[in-house]
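Participant: Just so it is clear, I am handing over upload.csv, which has CSV, C-alpha atoms.
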chain,number,residue,atom,x,y,z
X,1339,MET,CA,89.0,164.7,212.9
X,1340,GLY,CA,91.3,166.8,215.1
X,1341,ASP,CA,94.8,166.0,216.3
X,1342,ARG,CA,93.7,162.7,217.5
X,1343,GLY,CA,92.4,161.8,214.0
X,1344,TYR,CA,95.6,163.1,212.2
X,1345,GLY,CA,97.7,161.1,214.5
X,1346,ALA,CA,95.7,158.0,214.0
X,1347,CYS,CA,96.0,158.5,210.3
X,1348,LYS,CA,99.7,159.1,210.4
X,1349,LYS,CA,100.1,156.1,212.6
X,1350,SER,CA,98.2,153.8,210.3
X,1351,TRP,CA,100.1,155.1,207.2
X,1352,ARG,CA,103.4,154.5,208.9
X,1353,ALA,CA,102.3,151.0,209.9
X,1354,ARG,CA,101.1,150.3,206.4
X,1355,HIS,CA,104.5,151.4,204.8
X,1356,GLN,CA,106.5,149.6,207.4
X,1357,SER,CA,104.7,146.4,206.6
X,1358,GLN,CA,105.4,146.9,202.9
X,1359,SER,CA,109.1,147.6,203.4
X,1360,GLN,CA,109.4,144.8,205.8
X,1361,ALA,CA,107.9,142.4,203.3
X,1362,PRO,CA,111.2,141.8,201.4
X,1363,LEU,CA,112.9,141.5,204.7
X,1364,ALA,CA,110.3,139.1,205.7
X,1365,ASN,CA,110.9,137.1,202.6
X,1366,VAL,CA,114.6,137.2,203.2
X,1367,LYS,CA,114.1,136.0,206.7
X,1368,ALA,CA,111.8,133.4,205.2
X,1369,CYS,CA,114.6,132.4,202.9
X,1370,ASN,CA,116.9,131.9,205.7
X,1371,ARG,CA,114.5,129.5,207.3
X,1372,THR,CA,114.8,125.9,206.2
X,1373,ASP,CA,111.2,125.5,205.7
X,1374,GLY,CA,110.8,128.8,203.9
X,1375,PRO,CA,110.2,129.5,200.2
X,1376,PRO,CA,113.2,129.5,197.9
X,1377,CYS,CA,115.1,132.8,197.7
X,1378,GLN,CA,114.8,133.0,194.0
X,1379,ALA,CA,111.1,132.6,194.1
X,1380,ALA,CA,111.0,135.2,196.8
X,1381,GLN,CA,113.1,137.5,194.7
X,1382,GLN,CA,110.9,137.0,191.7
X,1383,GLU,CA,107.8,137.7,193.7
X,1384,ARG,CA,109.3,141.0,194.9
X,1385,ASP,CA,110.7,142.0,191.6
X,1386,PRO,CA,109.4,140.0,188.7
X,1387,PRO,CA,111.9,140.2,185.8
X,1388,SER,CA,111.0,141.9,182.6
X,1389,GLU,CA,111.0,140.1,179.2
X,1390,SER,CA,114.4,141.4,178.1
X,1391,ALA,CA,116.0,140.7,181.5
X,1392,ARG,CA,115.4,137.0,181.3
X,1393,LEU,CA,118.3,136.6,178.9
X,1394,PRO,CA,121.8,137.8,179.6
X,1395,SER,CA,122.4,141.2,178.1
X,1396,HIS,CA,125.4,140.0,176.0
X,1397,MET,CA,123.5,137.2,174.3
X,1398,PRO,CA,121.5,138.1,171.2
X,1399,GLU,CA,118.1,136.6,170.5
X,1400,LEU,CA,118.2,133.3,168.7
X,1401,THR,CA,116.2,134.7,165.9
X,1402,ASP,CA,119.0,137.2,165.2
X,1403,ARG,CA,121.6,134.5,164.2
X,1404,ARG,CA,122.7,134.5,160.5
X,1405,ARG,CA,122.1,131.6,158.1
X,1406,ASN,CA,125.4,129.7,157.6
X,1407,TRP,CA,125.6,129.5,153.8
X,1408,ALA,CA,129.2,128.5,153.5
X,1409,PRO,CA,128.8,124.7,153.8
X,1410,TRP,CA,126.0,124.7,151.2
X,1411,PHE,CA,128.2,126.7,148.8
X,1412,GLY,CA,131.1,124.3,149.5
X,1413,LEU,CA,128.9,121.3,148.6
X,1414,LEU,CA,127.8,123.0,145.4
X,1415,LEU,CA,131.4,123.7,144.3
X,1416,ALA,CA,132.3,120.1,145.0
X,1417,LEU,CA,129.5,118.9,142.8
X,1418,VAL,CA,130.5,121.2,140.0
X,1419,ALA,CA,134.1,120.0,140.3
X,1420,MET,CA,132.9,116.4,139.9
X,1421,LEU,CA,130.5,117.2,137.0
X,1422,SER,CA,133.2,119.1,135.2
X,1423,ASN,CA,134.6,115.8,134.1
X,1424,ALA,CA,131.6,115.4,131.8
X,1425,GLY,CA,133.2,117.9,129.6
X,1426,PHE,CA,135.6,115.2,128.3
X,1427,PHE,CA,132.7,113.1,127.1
X,1428,LEU,CA,130.8,116.0,125.6
X,1429,GLY,CA,133.8,117.1,123.5
X,1430,LEU,CA,133.8,120.6,124.8
X,1431,PRO,CA,136.6,122.9,123.7
X,1432,GLY,CA,139.4,123.7,126.2
X,1433,GLN,CA,139.5,120.1,127.5
X,1434,ARG,CA,143.1,120.6,128.6
X,1435,ALA,CA,141.9,123.1,131.2
X,1436,ILE,CA,139.2,120.9,132.7
X,1437,PRO,CA,141.6,118.8,135.0
X,1438,TRP,CA,143.0,122.0,136.6
X,1439,LEU,CA,139.6,123.6,136.8
X,1440,SER,CA,138.1,120.6,138.7
X,1441,VAL,CA,141.1,120.6,141.2
X,1442,ALA,CA,140.7,124.3,141.8
X,1443,LEU,CA,136.9,123.9,142.3
X,1444,ALA,CA,137.6,121.1,144.8
X,1445,ILE,CA,140.0,123.2,146.8
X,1446,ALA,CA,137.5,126.1,146.9
X,1447,ALA,CA,134.8,123.7,148.0
X,1448,LEU,CA,136.9,122.4,150.9
X,1449,VAL,CA,137.8,126.0,152.0
X,1450,CYS,CA,134.1,127.0,152.0
X,1451,ALA,CA,133.2,123.8,154.0
X,1452,ALA,CA,135.9,124.6,156.5
X,1453,VAL,CA,134.8,128.2,156.9
X,1454,GLY,CA,131.2,127.0,157.4
X,1455,ILE,CA,132.2,124.6,160.1
X,1456,MET,CA,134.4,127.1,161.9
X,1457,ARG,CA,131.6,129.6,161.9
X,1458,ALA,CA,129.2,127.1,163.3
X,1459,PHE,CA,131.4,126.0,166.2
X,1460,ARG,CA,133.4,129.1,167.0
X,1461,GLN,CA,130.8,131.8,166.3
X,1462,SER,CA,127.7,129.9,167.4
X,1463,GLN,CA,126.3,133.1,168.7
X,1464,VAL,CA,126.3,134.5,165.2
X,1465,TYR,CA,125.9,131.5,162.9
X,1466,GLY,CA,123.9,128.4,163.4
X,1467,GLY,CA,124.0,124.9,161.9
X,1468,LYS,CA,126.5,122.8,163.8
X,1469,VAL,CA,125.0,119.5,162.6
X,1470,SER,CA,124.2,120.6,159.1
X,1471,SER,CA,127.6,122.1,158.5
X,1472,SER,CA,129.3,119.0,159.7
X,1473,ILE,CA,127.3,116.7,157.5
X,1474,LEU,CA,127.8,119.0,154.5
X,1475,GLY,CA,131.5,119.2,155.2
X,1476,VAL,CA,131.8,115.4,155.2
X,1477,LEU,CA,129.9,115.2,151.9
X,1478,SER,CA,132.1,117.8,150.3
X,1479,LEU,CA,135.2,116.0,151.5
X,1480,LEU,CA,134.0,112.7,150.0
X,1481,ILE,CA,133.2,114.3,146.7
X,1482,CYS,CA,136.5,116.2,146.5
X,1483,GLY,CA,138.2,112.9,147.4
X,1484,LEU,CA,136.7,111.3,144.3
X,1485,VAL,CA,137.8,114.3,142.2
X,1486,ALA,CA,141.4,113.9,143.5
X,1487,ILE,CA,141.5,110.2,142.9
X,1488,ALA,CA,140.3,110.7,139.3
X,1489,ALA,CA,142.9,113.4,138.7
X,1490,VAL,CA,145.7,111.3,140.1
X,1491,THR,CA,144.8,108.0,138.3
X,1492,SER,CA,144.2,109.8,135.0
X,1493,ARG,CA,147.7,111.2,135.0
X,1494,ALA,CA,149.5,108.1,136.2
X,1495,LEU,CA,151.0,107.3,132.8
X,1496,PRO,CA,154.5,105.9,132.0
X,1497,SER,CA,157.0,108.2,130.3
X,1498,SER,CA,156.9,108.2,126.5
X,1499,ALA,CA,160.5,109.4,126.0
X,1500,ALA,CA,161.6,106.1,124.4
X,1501,ALA,CA,158.7,106.0,122.0
X,1502,PRO,CA,159.3,106.9,118.3
X,1503,GLN,CA,159.5,110.7,117.9
X,1504,VAL,CA,159.1,112.9,114.9
X,1505,GLY,CA,161.6,112.1,112.2
X,1506,GLN,CA,162.3,108.5,113.4
X,1507,LYS,CA,161.4,105.3,111.7
X,1508,VAL,CA,158.7,103.3,113.4
X,1509,PRO,CA,159.2,99.5,114.0
X,1510,ASP,CA,157.4,97.2,111.6
X,1511,PHE,CA,154.7,94.9,112.9
X,1512,THR,CA,152.3,92.2,111.8
X,1513,LEU,CA,149.1,91.9,113.8
X,1514,ALA,CA,145.6,90.3,113.4
X,1515,ASP,CA,142.7,92.5,112.3
X,1516,THR,CA,139.1,91.9,113.4
X,1517,ASN,CA,138.6,89.4,110.6
X,1518,GLY,CA,141.5,87.3,111.9
X,1519,ASN,CA,143.8,88.2,108.9
X,1520,LYS,CA,147.4,89.0,109.5
X,1521,VAL,CA,148.2,92.6,108.6
X,1522,SER,CA,151.7,94.3,108.4
X,1523,LEU,CA,152.7,97.9,108.5
X,1524,ASP,CA,153.8,97.7,104.8
X,1525,GLN,CA,150.3,96.6,103.8
X,1526,LEU,CA,148.7,99.4,105.7
X,1527,LEU,CA,151.1,101.8,104.0
X,1528,GLY,CA,149.9,100.4,100.7
X,1529,LYS,CA,153.3,99.0,99.7
X,1530,ALA,CA,153.1,96.4,97.0
X,1531,ASP,CA,154.0,92.8,97.9
X,1532,ALA,CA,157.2,91.9,96.0
X,1533,ALA,CA,156.2,88.2,95.6
X,1534,THR,CA,152.7,88.6,94.4
X,1535,LYS,CA,152.9,92.1,92.9
X,1536,THR,CA,149.6,92.8,94.6
X,1537,VAL,CA,148.4,95.4,97.1
X,1538,THR,CA,146.1,94.1,99.7
X,1539,LEU,CA,143.6,96.6,101.0
X,1540,VAL,CA,142.7,96.2,104.7
X,1541,GLY,CA,139.0,96.8,105.0
X,1542,PRO,CA,136.5,97.1,107.8
X,1543,PRO,CA,135.3,94.1,109.8
X,1544,LYS,CA,132.5,91.9,108.5
X,1545,GLU,CA,130.0,93.1,111.0
X,1546,VAL,CA,130.4,96.6,109.8
X,1547,THR,CA,130.2,95.7,106.1
X,1548,GLU,CA,127.1,93.6,106.7
X,1549,LYS,CA,125.5,96.3,108.8
X,1550,LEU,CA,126.3,99.0,106.3
X,1551,GLY,CA,125.6,96.9,103.3
X,1552,MET,CA,129.1,97.3,102.0
X,1553,ALA,CA,131.0,94.8,99.8
X,1554,ASN,CA,133.8,92.9,101.5
X,1555,GLN,CA,136.9,95.1,100.8
X,1556,SER,CA,139.5,92.7,102.2
X,1557,SER,CA,140.1,90.8,99.0
X,1558,PRO,CA,143.4,91.2,97.2
X,1559,VAL,CA,143.5,93.9,94.5
X,1560,ALA,CA,145.9,94.0,91.6
X,1561,ALA,CA,148.7,96.4,91.9
X,1562,GLY,CA,148.1,99.8,90.2
X,1563,ILE,CA,144.3,99.8,90.8
X,1564,ALA,CA,144.4,100.5,94.5
X,1565,THR,CA,145.4,104.0,95.7
X,1566,PRO,CA,147.8,103.8,98.6
X,1567,PRO,CA,147.2,106.3,101.4
X,1568,LYS,CA,149.5,109.3,101.9
X,1569,ALA,CA,150.0,108.4,105.5
X,1570,VAL,CA,148.8,106.1,108.3
X,1571,LEU,CA,147.7,107.3,111.7
X,1572,LEU,CA,148.6,104.6,114.3
X,1573,VAL,CA,146.2,105.1,117.3
X,1574,PHE,CA,147.3,103.1,120.3
X,1575,TYR,CA,144.5,103.0,122.9
X,1576,ARG,CA,144.1,101.3,126.3
X,1577,GLY,CA,141.5,98.7,125.2
X,1578,TYR,CA,139.2,96.7,127.4
X,1579,TRP,CA,136.1,97.9,125.7
D,1311,MET,CA,145.2,109.3,105.7
D,1312,ARG,CA,144.2,105.9,107.0
D,1313,PRO,CA,143.6,105.5,110.7
D,1314,VAL,CA,144.6,102.2,112.3
D,1315,ALA,CA,143.8,101.4,115.9
D,1316,ILE,CA,145.9,99.0,118.0
D,1317,SER,CA,145.2,97.7,121.5
D,1318,VAL,CA,145.5,94.6,123.6
D,1319,ASP,CA,141.8,93.6,122.9
D,1320,THR,CA,141.3,90.4,121.0
D,1321,PRO,CA,139.9,90.4,117.5
D,1322,GLU,CA,136.5,89.4,118.8
D,1323,VAL,CA,136.3,92.3,121.2
D,1324,SER,CA,137.5,94.7,118.6
D,1325,ARG,CA,134.9,93.3,116.2
D,1326,ASN,CA,132.1,94.0,118.7
D,1327,LEU,CA,133.4,97.5,119.2
D,1328,ALA,CA,133.6,98.2,115.5
D,1329,GLY,CA,130.1,96.8,115.0
D,1330,LYS,CA,128.5,98.9,117.7
D,1331,ALA,CA,130.4,102.1,116.8
D,1332,GLY,CA,130.3,101.6,113.0
D,1333,TYR,CA,134.1,102.0,112.6
D,1334,THR,CA,135.3,101.2,109.1
D,1335,PHE,CA,139.1,101.6,109.7
D,1336,PRO,CA,141.3,98.6,110.7
D,1337,ILE,CA,141.5,97.7,114.3
D,1338,LEU,CA,144.5,95.4,115.1
D,1339,SER,CA,145.0,93.2,118.1
D,1340,ASP,CA,148.2,93.0,120.2
D,1341,PRO,CA,147.1,90.8,123.2
D,1342,GLN,CA,150.7,89.9,124.0
D,1343,THR,CA,151.8,93.6,123.9
D,1344,GLU,CA,154.7,92.7,121.6
D,1345,THR,CA,154.2,95.7,119.2
D,1346,ILE,CA,153.2,97.9,122.2
D,1347,ARG,CA,156.5,97.1,123.8
D,1348,ARG,CA,158.4,97.6,120.6
D,1349,TYR,CA,156.9,101.1,120.4
D,1350,ASN,CA,157.8,101.7,124.1
D,1351,LEU,CA,154.1,102.3,125.0
D,1352,LEU,CA,153.6,99.7,127.6
D,1353,HIS,CA,151.6,100.7,130.7
D,1354,LYS,CA,152.4,97.9,133.0
D,1355,GLY,CA,149.5,97.1,135.3
D,1356,GLY,CA,147.5,100.0,134.0
D,1357,GLY,CA,144.5,97.9,133.0
D,1358,PRO,CA,141.8,96.2,134.9
D,1359,GLU,CA,143.1,93.6,137.4
D,1360,HIS,CA,146.6,95.1,136.9
D,1361,SER,CA,146.8,93.8,133.3
D,1362,ASP,CA,149.3,95.3,130.9
D,1363,ILE,CA,147.9,97.7,128.3
D,1364,ALA,CA,149.1,100.4,126.0
D,1365,ARG,CA,149.3,104.0,127.1
D,1366,PRO,CA,147.4,106.3,124.7
D,1367,ALA,CA,149.5,107.6,121.8
D,1368,GLU,CA,149.1,108.6,118.2
D,1369,PHE,CA,151.7,108.5,115.4
D,1370,LEU,CA,151.3,109.9,111.9
D,1371,VAL,CA,153.5,107.8,109.7
D,1372,ASP,CA,154.2,108.6,106.0
D,1373,THR,CA,154.8,106.0,103.3
D,1374,SER,CA,158.5,105.7,104.1
D,1375,GLY,CA,157.7,104.7,107.7
D,1376,THR,CA,158.8,108.0,109.2
D,1377,VAL,CA,157.0,109.6,112.0
D,1378,ARG,CA,155.6,113.0,111.0
D,1379,TRP,CA,153.5,113.9,114.0
D,1380,THR,CA,152.9,112.4,117.4
D,1381,ASN,CA,150.6,113.0,120.4
D,1382,PHE,CA,151.4,111.7,123.9
D,1383,THR,CA,148.6,112.7,126.2
D,1384,GLU,CA,149.5,113.4,129.9
D,1385,ASP,CA,145.9,112.7,131.0
D,1386,ILE,CA,143.9,109.8,129.7
D,1387,ARG,CA,140.8,111.9,129.7
D,1388,ILE,CA,142.3,114.3,127.2
D,1389,ARG,CA,142.6,112.9,123.7
D,1390,ALA,CA,143.9,114.5,120.5
D,1391,LYS,CA,141.1,115.9,118.4
D,1392,ALA,CA,140.4,114.9,114.8
D,1393,ASP,CA,141.1,118.4,113.5
D,1394,GLU,CA,144.6,118.3,114.9
D,1395,MET,CA,145.3,115.0,113.2
D,1396,LEU,CA,143.9,116.2,109.9
D,1397,ALA,CA,145.9,119.4,110.0
D,1398,ALA,CA,149.0,117.3,110.5
D,1399,ALA,CA,148.0,115.0,107.6
D,1400,ARG,CA,147.3,117.9,105.3
D,1401,GLY,CA,150.8,119.1,105.9
D,1402,LEU,CA,152.2,116.0,104.3
D,1403,LYS,CA,153.3,116.3,100.6
Translate the structure of the given file into structure tokens.
Facilitator:
Amino acid sequence: MGDRGYGACKKSWRARHQSQSQAPLANVKACNRTDGPPCQAAQQERDPPSESARLPSHMPELTDRRRNWAPWFGLLLALVAMLSNAGFFLGLPGQRAIPWLSVALAIAALVCAAVGIMRAFRQSQVYGGKVSSSILGVLSLLICGLVAIAAVTSRALPSSAAAPQVGQKVPDFTLADTNGNKVSLDQLLGKADAATKTVTLVGPPKEVTEKLGMANQSSPVAAGIATPPKAVLLVFYRGYW
Amino acid sequence: MRPVAISVDTPEVSRNLAGKAGYTFPILSDPQTETIRRYNLLHKGGGPEHSDIARPAEFLVDTSGTVRWTNFTEDIRIRAKADEMLAAARGLK
């Protein structure tokens, strides 16, 4: 080849590298032109980004976000708070604790729902479920509202301070039974009627006696045969059955 | 011990209740709340359509008419149990 061949080779190598190095400049110059390709496209052509560089470095992958369980747990607690009222009808022991238990569960449910919503909106990079947490939060709030209404209305009773207390005499009364017969407190206590010297037993209604096949026990009985009760339990109830 | 139930329900309504539930004790009617007021148990507007009813209460009364045991619930969902009433009745001489 000789010196002439080496020089030609060097010259061609230089020309080749100069063209490669000028390519980005050419692209930049092309960007500056109004009819040239976009700068970003030129940049990508020169240096195609890697997979991990497409996303900002501070942003984790979407698949790395945690499941937001707090709103679901809140809804579950709200449902348990509402269903705890079934304990009154089932005759479970410890009924006096059920009202407070249902209120405590409702408060815990609202706290969990609030935590879930805050996580979804303030820590969206870590927790997902903005829509689901909002829906579950509203449901939990509605259920807890029902629990609160039941608790308030059930305890809205007048004071019983003026009612007969232990050691006091109860007022006498005369009321109609289910058979339409007038019944007094003295008759219920089995006290003999001074005029007729009889004791009238107050029996069950006709529907019950007929259903059970019992004889009608509401007929007057001679004094001395009937056994008066030791005590009478007066049960006042709300009615409207 | 003889239980006696009292409410504002009419005799017809109470008869239906007793027939369905099989109650054999007397159920008395106080639709005008006269006895309920005398016992100071009126719950004004506490019933459906703001009707006057009785608040729940139980009295154990001996043969002399004296109260030996009472129960005034603070929550209508909580009622006195039968064993509590029987225990109070057994204490009577």
Participant: Excluding Gly1401 in chain D and its own-chain neighbours fewer than 2 positions away, which residues fall within 12 Å of it when counting all atoms listed in the file? Please give them as a PyMOL selection string.
Facilitator: (chain X and resi 1568-1569) or (chain D and resi 1311+1370+1372+1378-1379+1394-1399+1403)
Participant: Take CA of Gly1528 in chain X and CA of Ala1499 in chain X and report the distance between them in Å, one decimal.
Facilitator: 28.9 Å
Participant: Residues at most 10 Å from Ser1374 in chain D, counting all atoms listed in the file, excluding those fewer than 6 positions away in the same chain, as a PyMOL selection string?
Facilitator: chain X and resi 1507-1508+1524+1527+1529+1568-1569
Participant: What are the residues of chain X that have an atom within 7 Å of an atom of chain D, counting all atoms listed in the file, as a VMD selection string?
Facilitator: chain X and resid 1426 1433 to 1434 1492 to 1493 1495 to 1496 1498 1500 to 1509 1511 1513 to 1516 1518 1527 1540 to 1543 1545 to 1546 1567 to 1578
Participant: Given the choices X:Ala1447, X:Leu1474, X:Met1456, X:Ile1487, which gets closest to Val1418 in chain X if the distance is worked out from only C-alpha atoms?
Facilitator: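 Of all the options, X:Ala1447 lies closest to Val1418 in chain X.
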Participant: Mind giving me the straight-line distance from CA of Asn1423 in chain X to CA of Ile1445 in chain X in Å, one decimal?
Facilitator: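 Spanning CA of Asn1423 in chain X to CA of Ile1445 in chain X is a straight-line distance of 15.7 Å.
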Participant: Mind giving me the straight-line distance from CA of Ala1446 in chain X to CA of Gly1412 in chain X in Å, one decimal?
Facilitator: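 Separating CA of Ala1446 in chain X from CA of Gly1412 in chain X is a distance of 7.1 Å.
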Participant: Could you pull the residues within 8 Å of Gly1454 in chain X, counting only C-alpha atoms, minus those fewer than 6 positions along the same chain, as a list of chain:residue names?
Facilitator: X:Asn1406, X:Trp1407, X:Ala1408, X:Pro1409, X:Ser1471
Participant: Produce a file of the selected residues containing C-alpha atoms, as a short mmCIF file (atom, residue, chain, number, x, y, z; two decimals), in the frame of the given file.
Facilitator:
data_model
loop_
_atom_site.label_atom_id
_atom_site.label_comp_id
_atom_site.auth_asym_id
_atom_site.auth_seq_id
_atom_site.Cartn_x
_atom_site.Cartn_y
_atom_site.Cartn_z
CA ASN X 1406 125.40 129.70 157.60
CA TRP X 1407 125.60 129.50 153.80
CA ALA X 1408 129.20 128.50 153.50
CA PRO X 1409 128.80 124.70 153.80
CA SER X 1471 127.60 122.10 158.50
#
Participant: Need to verify the contact set: Ser1462 in chain X, 10 Å, only C-alpha atoms, exclusion of same-chain residues closer than 5 positions in sequence. Can you return it as a VMD selection string?
Facilitator: chain X and resid 1403 to 1404 1456 to 1457 1467 to 1468
